[in-house]
>>> print(open('query.cif').read())   # mmCIF, C-alpha atoms
data_upload
#
loop_
_atom_site.label_atom_id
_atom_site.label_comp_id
_atom_site.auth_asym_id
_atom_site.auth_seq_id
_atom_site.Cartn_x
_atom_site.Cartn_y
_atom_site.Cartn_z
CA MET A 1009 97.64 82.85 119.73
CA VAL A 1010 98.96 79.30 119.65
CA LEU A 1011 96.28 77.98 117.34
CA LEU A 1012 97.17 80.47 114.65
CA SER A 1013 100.60 78.89 114.31
CA ILE A 1014 99.11 75.56 113.20
CA ASP A 1015 99.94 74.46 109.68
CA TRP A 1016 96.48 73.64 108.36
CA THR A 1017 97.87 72.08 105.18
CA ASN A 1018 99.63 69.39 107.22
CA LEU A 1019 96.36 68.53 108.98
CA HIS A 1020 94.59 68.05 105.66
CA GLU A 1021 97.49 65.91 104.43
CA LEU A 1022 97.21 63.87 107.64
CA LEU A 1023 93.56 63.11 106.89
CA ARG A 1024 94.47 62.00 103.38
CA SER A 1025 97.16 59.71 104.81
CA LEU A 1026 94.61 58.30 107.25
CA TYR A 1027 92.28 57.50 104.35
CA ASP A 1028 95.06 55.71 102.47
CA GLU A 1029 96.08 53.70 105.53
CA MET A 1030 92.51 52.54 106.15
CA MET A 1031 92.08 51.21 102.62
CA PRO A 1032 93.62 47.77 103.37
CA LEU A 1033 90.59 47.09 105.54
CA CYS A 1034 88.57 46.89 102.34
CA GLU A 1035 90.37 43.66 101.46
CA ASP A 1036 89.12 41.95 104.62
CA MET A 1037 85.60 43.08 103.93
CA ALA A 1038 85.98 41.99 100.30
CA SER A 1039 86.57 38.40 101.45
CA VAL A 1040 83.18 38.38 103.14
CA ALA A 1041 81.59 40.12 100.20
CA LYS A 1042 82.94 37.51 97.79
CA GLY A 1043 81.05 34.77 99.60
CA VAL A 1044 77.86 36.82 99.75
CA ALA A 1045 78.18 37.78 96.10
CA GLY A 1046 78.96 34.18 95.07
CA ILE A 1047 75.78 32.87 96.68
CA GLY A 1048 73.82 35.74 95.19
CA ALA A 1049 75.27 35.08 91.73
CA LEU A 1050 74.32 31.40 92.00
CA PHE A 1051 70.71 32.21 92.85
CA TYR A 1052 70.61 35.04 90.29
CA VAL A 1053 71.75 32.84 87.40
CA ALA A 1054 69.75 29.79 88.49
CA TYR A 1055 66.52 31.76 88.85
CA ARG A 1056 66.75 33.32 85.38
CA VAL A 1057 67.80 30.10 83.66
CA TRP A 1058 64.94 28.17 85.32
CA GLN A 1059 62.51 30.98 84.40
CA SER A 1060 63.54 30.85 80.73
CA LEU A 1061 63.33 27.04 80.65
CA SER A 1062 59.89 27.02 82.23
CA ARG A 1063 58.61 29.43 79.59
CA ALA A 1064 60.35 27.56 76.78
CA GLU A 1065 62.22 30.74 75.89
CA GLU A 1066 65.74 31.33 74.76
CA ILE A 1067 68.17 32.06 77.53
CA ASP A 1068 69.43 35.66 77.38
CA VAL A 1069 73.06 35.39 78.40
CA PHE A 1070 73.94 39.10 78.54
CA PRO A 1071 71.97 39.96 81.74
CA LEU A 1072 73.65 36.99 83.41
CA PHE A 1073 77.01 38.84 83.29
CA ARG A 1074 75.83 41.35 85.92
CA PRO A 1075 76.78 39.31 89.03
CA PHE A 1076 80.12 38.38 87.47
CA VAL A 1077 80.95 42.04 86.78
CA LEU A 1078 79.98 42.93 90.34
CA GLY A 1079 82.15 40.09 91.63
CA LEU A 1080 85.05 41.35 89.55
CA CYS A 1081 84.59 44.81 91.09
CA ILE A 1082 84.57 43.26 94.56
CA MET A 1083 87.78 41.32 93.90
CA PHE A 1084 89.64 44.46 92.82
CA PHE A 1085 87.60 46.96 94.83
CA PRO A 1086 90.43 49.29 96.05
CA THR A 1087 91.91 49.61 92.59
CA MET A 1088 89.02 49.24 90.17
CA VAL A 1089 86.27 51.04 92.11
CA LEU A 1090 87.88 53.41 94.62
CA GLY A 1091 90.87 54.17 92.42
CA THR A 1092 88.67 55.06 89.46
CA ILE A 1093 86.29 57.27 91.45
CA ASN A 1094 89.08 59.03 93.36
CA GLY A 1095 91.06 59.52 90.16
CA ILE A 1096 88.10 61.25 88.53
CA LEU A 1097 87.14 63.41 91.53
CA SER A 1098 90.58 64.32 92.93
CA PRO A 1099 91.28 66.92 90.18
CA VAL A 1100 88.10 68.67 91.29
CA CYS A 1101 89.48 68.92 94.85
CA SER A 1102 92.84 70.15 93.58
CA ALA A 1103 91.22 72.79 91.36
CA THR A 1104 88.98 74.18 94.11
CA SER A 1105 91.87 74.13 96.61
CA SER A 1106 94.11 76.13 94.27
CA LEU A 1107 91.20 78.50 93.60
CA VAL A 1108 90.66 79.29 97.27
CA GLU A 1109 94.42 79.69 97.80
CA GLN A 1110 94.62 82.19 94.93
CA GLN A 1111 91.65 84.17 96.21
CA THR A 1112 93.09 84.18 99.74
CA PHE A 1113 96.44 85.39 98.38
CA ASP A 1114 94.71 88.19 96.44
CA MET A 1115 92.72 89.16 99.52
CA LYS A 1116 95.87 89.44 101.66
CA LYS A 1117 97.64 91.43 98.93
CA TYR A 1118 94.81 93.94 98.59
CA GLN A 1119 94.44 94.14 102.37
CA GLU A 1120 98.11 95.04 102.69
CA GLU A 1121 97.72 97.62 99.92
CA LYS A 1122 94.70 99.14 101.68
CA ASP A 1123 96.52 99.27 105.02
CA GLU A 1124 99.48 100.98 103.34
CA LEU A 1125 97.21 103.56 101.71
CA GLU A 1126 95.53 104.25 105.06
CA ARG A 1127 98.94 104.70 106.66
CA GLU A 1128 100.09 107.06 103.91
CA ALA A 1129 96.87 109.06 104.23
CA MET A 1130 97.40 109.44 107.98
CA LEU A 1131 101.05 110.40 107.45
CA ARG A 1132 99.90 113.25 105.18
CA ASP A 1133 97.64 114.55 107.95
CA PRO A 1134 99.80 116.50 110.44
CA ALA A 1135 97.19 115.98 113.15
CA LYS A 1136 97.28 112.15 112.82
CA ALA A 1137 100.78 111.39 111.54
CA PHE A 1138 102.11 110.73 115.05
CA LEU A 1139 99.64 107.85 115.46
CA VAL A 1140 101.28 105.69 112.78
CA SER A 1141 104.87 106.95 112.85
CA ASP A 1142 107.12 106.79 115.88
CA GLU A 1143 109.42 109.39 114.29
CA GLU A 1144 106.58 111.89 113.96
CA PHE A 1145 105.51 111.11 117.52
CA ASP A 1146 109.01 111.73 118.89
CA LYS A 1147 109.29 114.90 116.80
CA LYS A 1148 106.05 116.30 118.23
CA ILE A 1149 107.13 115.38 121.76
CA ASP A 1150 110.46 117.16 121.25
CA GLU A 1151 108.67 120.29 120.02
CA LEU A 1152 106.63 120.50 123.23
CA GLY A 1153 107.90 122.26 126.31
CA TRP A 1154 107.18 121.72 130.01
CA SER A 1155 104.35 124.17 130.54
CA LEU A 1156 100.96 123.01 131.79
CA GLY A 1157 99.44 123.29 128.31
CA ASP A 1158 102.27 121.30 126.73
CA MET A 1159 102.02 118.64 129.44
CA ASP A 1160 98.29 118.32 128.80
CA THR A 1161 98.94 118.03 125.06
CA MET A 1162 101.61 115.39 125.70
CA ILE A 1163 99.23 113.32 127.87
CA ASN A 1164 96.53 113.53 125.18
CA MET A 1165 99.02 112.38 122.53
CA TYR A 1166 100.07 109.37 124.59
CA GLY A 1167 96.41 108.51 125.18
CA GLN A 1168 95.45 108.82 121.51
CA LYS A 1169 98.40 106.68 120.41
CA ALA A 1170 97.58 104.01 123.01
CA VAL A 1171 93.94 103.91 121.87
CA TYR A 1172 94.98 103.73 118.20
CA ASP A 1173 97.51 100.93 118.84
CA MET A 1174 94.91 99.00 120.84
CA GLY A 1175 92.38 99.39 118.03
CA GLU A 1176 94.90 98.11 115.48
CA LYS A 1177 95.70 95.11 117.66
CA VAL A 1178 92.00 94.32 118.17
CA ARG A 1179 91.35 94.60 114.44
CA GLN A 1180 94.30 92.32 113.64
CA TRP A 1181 93.21 89.85 116.33
CA PHE A 1182 89.64 89.82 114.99
CA ARG A 1183 90.96 89.26 111.46
CA GLU A 1184 93.09 86.33 112.61
CA LEU A 1185 90.13 84.96 114.61
CA LEU A 1186 87.92 84.92 111.51
CA GLU A 1187 90.68 83.21 109.57
CA LEU A 1188 90.96 80.65 112.38
CA PHE A 1189 87.21 79.97 112.25
CA PHE A 1190 87.35 79.52 108.48
CA GLN A 1191 90.29 77.11 108.64
CA ALA A 1192 88.71 75.22 111.56
CA ALA A 1193 85.44 74.86 109.66
CA SER A 1194 87.31 73.57 106.61
CA LEU A 1195 89.21 71.08 108.77
CA LEU A 1196 85.98 69.92 110.44
CA ILE A 1197 84.32 69.34 107.06
CA ASP A 1198 87.39 67.46 105.84
CA THR A 1199 87.43 65.32 109.03
CA LEU A 1200 83.76 64.33 108.72
CA ARG A 1201 84.24 63.75 105.01
CA THR A 1202 87.23 61.47 105.61
CA PHE A 1203 85.32 59.53 108.28
CA PHE A 1204 82.32 58.89 106.03
CA LEU A 1205 84.54 58.03 103.06
CA ILE A 1206 86.42 55.46 105.14
CA VAL A 1207 83.14 53.91 106.31
CA LEU A 1208 81.76 53.82 102.78
CA SER A 1209 85.02 52.39 101.43
CA ILE A 1210 85.06 49.60 104.02
CA LEU A 1211 81.40 48.75 103.53
CA GLY A 1212 81.53 49.23 99.76
CA PRO A 1213 82.20 45.55 98.90
CA ILE A 1214 79.17 44.52 100.97
CA SER A 1215 77.01 47.02 99.07
CA PHE A 1216 78.26 45.61 95.77
CA ALA A 1217 77.61 42.07 96.99
CA LEU A 1218 74.03 42.87 98.08
CA ALA A 1219 73.40 44.53 94.71
CA VAL A 1220 73.60 41.03 93.15
CA TYR A 1221 70.35 40.02 94.84
CA ASP A 1222 67.00 40.99 93.32
CA GLY A 1223 65.39 43.79 95.29
CA PHE A 1224 68.76 45.15 96.48
CA GLN A 1225 70.01 46.57 93.17
CA SER A 1226 69.49 50.10 94.48
CA THR A 1227 72.25 49.62 97.08
CA LEU A 1228 74.82 50.02 94.28
CA THR A 1229 73.51 53.37 93.03
CA THR A 1230 72.90 54.56 96.60
CA TRP A 1231 76.50 53.77 97.59
CA LEU A 1232 77.89 55.49 94.49
CA SER A 1233 75.75 58.61 94.96
CA ARG A 1234 76.65 58.92 98.66
CA TYR A 1235 80.35 58.36 98.04
CA ILE A 1236 80.46 61.01 95.29
CA CYS A 1237 78.33 63.44 97.30
CA ILE A 1238 80.49 63.12 100.44
CA TYR A 1239 83.69 63.27 98.42
CA LEU A 1240 82.57 66.65 97.05
CA TRP A 1241 81.97 68.15 100.50
CA LEU A 1242 85.47 69.62 100.63
CA PRO A 1243 85.38 71.09 97.08
CA VAL A 1244 82.01 72.68 97.85
CA GLY A 1245 83.45 74.14 101.08
CA ASP A 1246 86.46 75.44 99.14
CA LEU A 1247 84.17 77.02 96.56
CA PHE A 1248 82.20 78.72 99.32
CA GLY A 1249 85.43 80.02 100.85
CA ALA A 1250 86.63 81.19 97.42
CA ILE A 1251 83.36 83.07 96.88
CA LEU A 1252 83.65 84.77 100.28
CA SER A 1253 87.29 85.66 99.58
CA ARG A 1254 86.34 87.02 96.16
CA ILE A 1255 83.63 89.18 97.73
CA GLN A 1256 86.21 90.57 100.16
CA VAL A 1257 88.64 91.16 97.28
CA LEU A 1258 85.99 93.14 95.39
CA MET A 1259 85.19 95.16 98.51
CA LEU A 1260 88.90 95.86 99.07
CA GLN A 1261 89.36 96.87 95.44
CA GLN A 1262 86.42 99.28 95.76
CA ASP A 1263 87.87 100.75 98.96
CA ILE A 1264 91.31 101.08 97.37
CA LYS A 1265 89.83 102.90 94.35
CA GLN A 1266 87.98 105.31 96.63
CA MET A 1267 91.09 105.91 98.73
CA GLN A 1268 93.26 106.45 95.66
CA ALA A 1269 90.70 108.89 94.26
CA SER A 1270 90.62 110.70 97.62
CA ILE A 1271 94.42 110.81 97.76
CA GLN A 1272 94.59 112.13 94.19
CA GLN A 1273 92.01 114.78 95.02
CA LYS A 1274 93.98 115.82 98.10
CA LYS A 1275 97.18 115.95 96.06
CA GLU A 1276 95.49 118.23 93.53
CA LEU A 1277 94.18 120.44 96.36
CA LEU A 1278 97.65 120.56 97.92
CA SER A 1279 99.19 121.47 94.58
CA ALA A 1280 96.62 124.21 94.09
CA LEU A 1281 97.17 125.43 97.66
CA ALA A 1282 100.94 125.44 97.22
CA PHE A 1283 100.58 127.39 93.96
CA TYR A 1284 98.22 129.87 95.65
CA ILE A 1285 100.57 130.36 98.60
CA SER A 1286 103.58 130.81 96.35
CA LYS A 1287 101.70 133.40 94.29
CA ARG A 1288 100.49 135.18 97.43
CA VAL A 1289 104.01 135.28 98.82
CA GLU A 1290 105.28 136.49 95.48
CA ILE A 1291 102.74 139.31 95.40
CA ASN A 1292 103.08 140.27 99.06
CA PHE A 1293 106.87 140.32 98.95
CA SER A 1294 107.34 141.68 95.47
CA LYS A 1295 109.01 144.71 97.04
CA LEU A 1296 111.75 142.44 98.37
CA ARG A 1297 112.73 141.45 94.85
CA MET A 1298 116.38 142.09 94.08
CA ASN A 1299 118.74 141.41 91.20
CA ARG A 1300 120.76 138.41 92.35
CA VAL A 1301 119.80 138.21 96.01
CA SER A 1302 116.74 136.20 97.02
CA ILE A 1303 115.06 136.21 100.45
CA THR A 1304 112.62 133.40 101.30
CA LEU A 1305 110.29 133.80 104.28
CA TYR A 1306 107.92 130.85 103.73
CA ASP A 1307 108.24 127.21 102.74
CA VAL A 1308 105.35 124.97 101.67
CA VAL A 1309 105.56 121.26 102.56
CA LYS A 1310 104.50 119.47 99.38
CA SER A 1311 103.24 116.34 101.15
CA THR A 1312 100.92 118.14 103.60
CA GLY A 1313 100.52 121.70 102.22
CA GLU A 1314 101.71 123.08 105.56
CA VAL A 1315 103.25 126.58 105.48
CA LYS A 1316 106.38 126.96 107.59
CA ASP A 1317 108.13 130.22 108.48
CA VAL A 1318 111.75 130.28 107.34
CA PHE A 1319 114.42 132.85 106.56
CA ARG A 1320 116.68 131.91 103.68
CA PHE A 1321 119.14 134.38 102.18
CA THR A 1322 120.73 133.34 98.88
CA TYR A 1323 122.89 134.97 96.25
CA GLU A 1324 122.63 133.47 92.77
CA GLY A 1325 120.94 130.42 94.32
CA ARG A 1326 123.63 129.80 96.96
CA ASP A 1327 123.27 130.23 100.70
CA TYR A 1328 124.97 133.22 102.31
CA ILE A 1329 127.29 131.00 104.34
CA CYS A 1330 128.74 129.56 101.11
CA LEU A 1331 129.55 132.96 99.54
CA SER A 1332 133.03 134.40 99.07
CA HIS A 1333 134.05 137.76 100.54
CA SER A 1334 133.46 139.63 97.29
CA GLU A 1335 130.08 137.98 96.76
CA ARG A 1336 129.02 138.94 100.29
CA ILE A 1337 129.93 142.57 99.53
CA ARG A 1338 127.84 142.50 96.36
CA ALA A 1339 124.93 140.88 98.23
CA GLY A 1340 125.20 143.47 101.01
CA LEU A 1341 124.99 146.28 98.47
CA GLU A 1342 121.73 144.86 97.11
CA VAL A 1343 120.31 144.63 100.65
CA ALA A 1344 121.39 148.23 101.31
CA GLU A 1345 119.56 149.39 98.21
CA LEU A 1346 116.50 147.37 99.29
CA ILE A 1347 116.43 149.12 102.68
CA LYS A 1348 116.70 152.53 101.00
CA ARG A 1349 113.84 151.65 98.68
CA LEU A 1350 111.57 150.36 101.49
CA LEU A 1351 112.21 153.35 103.79
CA GLY A 1352 112.29 155.94 101.03
CA VAL A 1353 115.47 157.47 102.42
CA GLU A 1354 118.81 157.59 100.58
CA TYR A 1355 121.31 156.85 103.30
CA PRO A 1356 125.02 157.05 102.53
CA THR A 1357 126.60 153.73 101.59
CA PHE A 1358 130.02 152.71 102.90
CA ILE A 1359 131.84 150.01 100.93
CA ASP A 1360 134.92 148.51 102.59
CA ASP A 1361 137.56 146.23 101.00
CA VAL A 1362 136.73 147.39 97.50
CA GLU A 1363 140.02 145.87 96.36
CA SER A 1364 138.33 142.47 96.91
CA VAL A 1365 135.61 143.38 94.45
CA PRO A 1366 137.04 144.00 91.01
CA VAL A 1367 133.67 144.74 89.43
CA ILE A 1368 130.29 145.65 90.99
CA ASP A 1369 127.87 144.78 88.22
CA ASN A 1370 124.87 143.50 90.13
CA VAL A 1371 123.63 146.81 91.56
CA ARG A 1372 124.18 150.55 91.09
CA PRO A 1373 124.34 152.25 94.51
CA THR A 1374 122.26 155.39 94.87
CA GLY A 1375 123.00 158.45 96.95
CA GLN A 1376 126.33 159.22 98.55
CA VAL A 1377 128.86 156.34 98.47
CA PHE A 1378 132.00 155.99 100.59
CA ILE A 1379 134.60 153.59 99.18
CA ALA A 1380 137.55 152.30 101.22
CA LYS A 1381 140.31 150.72 99.19
CA VAL A 1382 143.81 149.56 100.18
CA ILE A 1383 146.64 150.19 97.69
CA LYS A 1384 149.99 148.78 98.70
CA GLY A 1385 152.78 151.41 99.03
CA THR A 1386 150.39 154.35 98.80
CA ALA A 1387 149.82 156.93 101.56
CA LEU A 1388 146.36 157.67 102.92
CA GLN A 1389 144.38 159.71 100.47
CA VAL A 1390 140.84 161.04 100.40
CA GLN A 1391 139.33 161.65 96.99
CA VAL A 1392 135.94 162.97 96.04
CA ALA A 1393 134.25 162.10 92.74
CA ASP A 1394 131.44 164.19 91.35
CA ASN A 1395 128.63 162.97 89.16
CA THR A 1396 131.01 162.76 86.24
CA GLY A 1397 133.07 160.12 88.07
CA VAL A 1398 136.33 162.17 87.96
CA PRO A 1399 138.15 161.91 91.31
CA LYS A 1400 139.43 165.09 92.95
CA ALA A 1401 141.79 165.57 95.92
CA ALA A 1402 140.03 166.52 99.10
#
>>> encode(input="query.cif", output="structure tokens")
Amino acid sequence: MVLLSIDWTNLHELLRSLYDEMMPLCEDMASVAKGVAGIGALFYVAYRVWQSLSRAEEIDVFPLFRPFVLGLCIMFFPTMVLGTINGILSPVCSATSSLVEQQTFDMKKYQEEKDELEREAMLRDPAKAFLVSDEEFDKKIDELGWSLGDMDTMINMYGQKAVYDMGEKVRQWFRELLELFFQAASLLIDTLRTFFLIVLSILGPISFALAVYDGFQSTLTTWLSRYICIYLWLPVGDLFGAILSRIQVLMLQQDIKQMQASIQQKKELLSALAFYISKRVEINFSKLRMNRVSITLYDVVKSTGEVKDVFRFTYEGRDYICLSHSERIRAGLEVAELIKRLLGVEYPTFIDDVESVPVIDNVRPTGQVFIAKVIKGTALQVQVADNTGVPKAA
């Protein structure tokens, strides 16, 4: 949206500049007000002096300073009156503006944190991970074939992802729309406020001048109360916005706490499930236990708890492909003994290239064992060893 790219701060600064540029008009109105106030001061002083003389009373000079003080205010109206009031009230506007900015910043921060937690929660769910991750989506598509069932699943996946993406866009658009309404309302309040302040500032000297006359003294207090009240429109609007933002922050914090508790609970369940599966595998495949050889048939994904079928053959913690020739012979002997144990039959064992294995210390072969060994410069011989281990010529 084009309106969302508007810098609202510049618009508020523009209104403040407009107010400052309109202030020179007060000087023109002050010229008229000086004449009105001068005539009013003349009648004001003359009436009270004549009243005191007619009653043969002493003339009270202090009340007679009122029109002169009002005239002094009119002469220096932009500086003495408007400058004083604006100087007192402007910190209030600055404080409320910084307050709403801080609350808005906190709201955006917690909103981002909540969105990230929602994304992480969906990534942990194998059934929904493809909605938020293109990598997971491509991975699931690659795992599918071209059968009718796989094609139907693929179409459903594309449909679900399109609906999810559309929902995210609508939610983001609605969020930006609400922010636009809030900023527009704030700008509208500031515009009306600036308009009324300019009108009151221009007509202020006249109000001060009329306050000199008896019966019009209330115009001074009325002007002051209206000016202060209108000046505080924007701070009140900022406070209202800060309260709404704070309410949203509290709601987001509550949602984040619930999501974190749910995630922690799921992590504990996954840990318990992984421990259960590992123990079950350990019990079910206890017969496959060997000395240095390890066979793994299952893997548990820690993030999701998913059990995947694998076949991993290791010897002393190293994969079979990384073993040397002698280590492969030793590992093969352990597998041979495992097969004998599982089937309950003692098959003969044939060991080739025994010269590559100086010591066989990981397993003791059972049953009849045939050993083939190459000795350089020696003719073919066949020897038989009895249970005592003493070789005999065949």
>>> residues_around(input="query.cif", residues="Leu1019 (chain A)", least_positions_apart="3", cutoff="12 Å", atoms="all atoms listed in the file", output="VMD selection string")
chain A and resid 1014 to 1016 1022 to 1026 1191 to 1192 1194 to 1196 1198 to 1199
>>> write_last_selection(input="query.cif", atoms="C-alpha atoms", output="mmCIF file, keeping the file's coordinate frame")
data_model
loop_
_atom_site.group_PDB
_atom_site.id
_atom_site.type_symbol
_atom_site.label_atom_id
_atom_site.label_comp_id
_atom_site.auth_asym_id
_atom_site.auth_seq_id
_atom_site.Cartn_x
_atom_site.Cartn_y
_atom_site.Cartn_z
ATOM 1 C CA ILE A 1014 99.110 75.560 113.200
ATOM 2 C CA ASP A 1015 99.940 74.460 109.680
ATOM 3 C CA TRP A 1016 96.480 73.640 108.360
ATOM 4 C CA LEU A 1022 97.210 63.870 107.640
ATOM 5 C CA LEU A 1023 93.560 63.110 106.890
ATOM 6 C CA ARG A 1024 94.470 62.000 103.380
ATOM 7 C CA SER A 1025 97.160 59.710 104.810
ATOM 8 C CA LEU A 1026 94.610 58.300 107.250
ATOM 9 C CA GLN A 1191 90.290 77.110 108.640
ATOM 10 C CA ALA A 1192 88.710 75.220 111.560
ATOM 11 C CA SER A 1194 87.310 73.570 106.610
ATOM 12 C CA LEU A 1195 89.210 71.080 108.770
ATOM 13 C CA LEU A 1196 85.980 69.920 110.440
ATOM 14 C CA ASP A 1198 87.390 67.460 105.840
ATOM 15 C CA THR A 1199 87.430 65.320 109.030
#
>>> closest_residue(input="query.cif", among="A:Lys1177, A:Lys1169, A:Arg1254, A:Lys1275", to="Gln1110 (chain A)", atoms="all atoms listed in the file")
A:Arg1254
>>> resolve_selection(input="query.cif", expression="the PyMOL selection byres ((chain A and resi 1339-1342) around 10)", output="PyMOL selection string")
chain A and resi 1297-1302+1321-1324+1328+1331+1333-1338+1343-1348+1357-1359+1368+1370-1373
>>> residues_around(input="query.cif", residues="Leu1240 (chain A)", least_positions_apart="6", cutoff="10 Å", atoms="only C-alpha atoms", output="PDB file with C-alpha atoms, in the coordinates of the input")
ATOM      1  CA  LEU A1097      87.140  63.410  91.530  1.00  0.00           C
ATOM      2  CA  SER A1098      90.580  64.320  92.930  1.00  0.00           C
ATOM      3  CA  VAL A1100      88.100  68.670  91.290  1.00  0.00           C
ATOM      4  CA  CYS A1101      89.480  68.920  94.850  1.00  0.00           C
ATOM      5  CA  ARG A1201      84.240  63.750 105.010  1.00  0.00           C
ATOM      6  CA  ARG A1234      76.650  58.920  98.660  1.00  0.00           C
ATOM      7  CA  ASP A1246      86.460  75.440  99.140  1.00  0.00           C
TER       8      ASP A1246
END
>>> residues_around(input="query.cif", residues="Met1030 (chain A)", least_positions_apart="2", cutoff="10 Å", atoms="all atoms listed in the file", output="PyMOL selection string")
chain A and resi 1025-1028+1032-1034+1206-1207+1209-1210
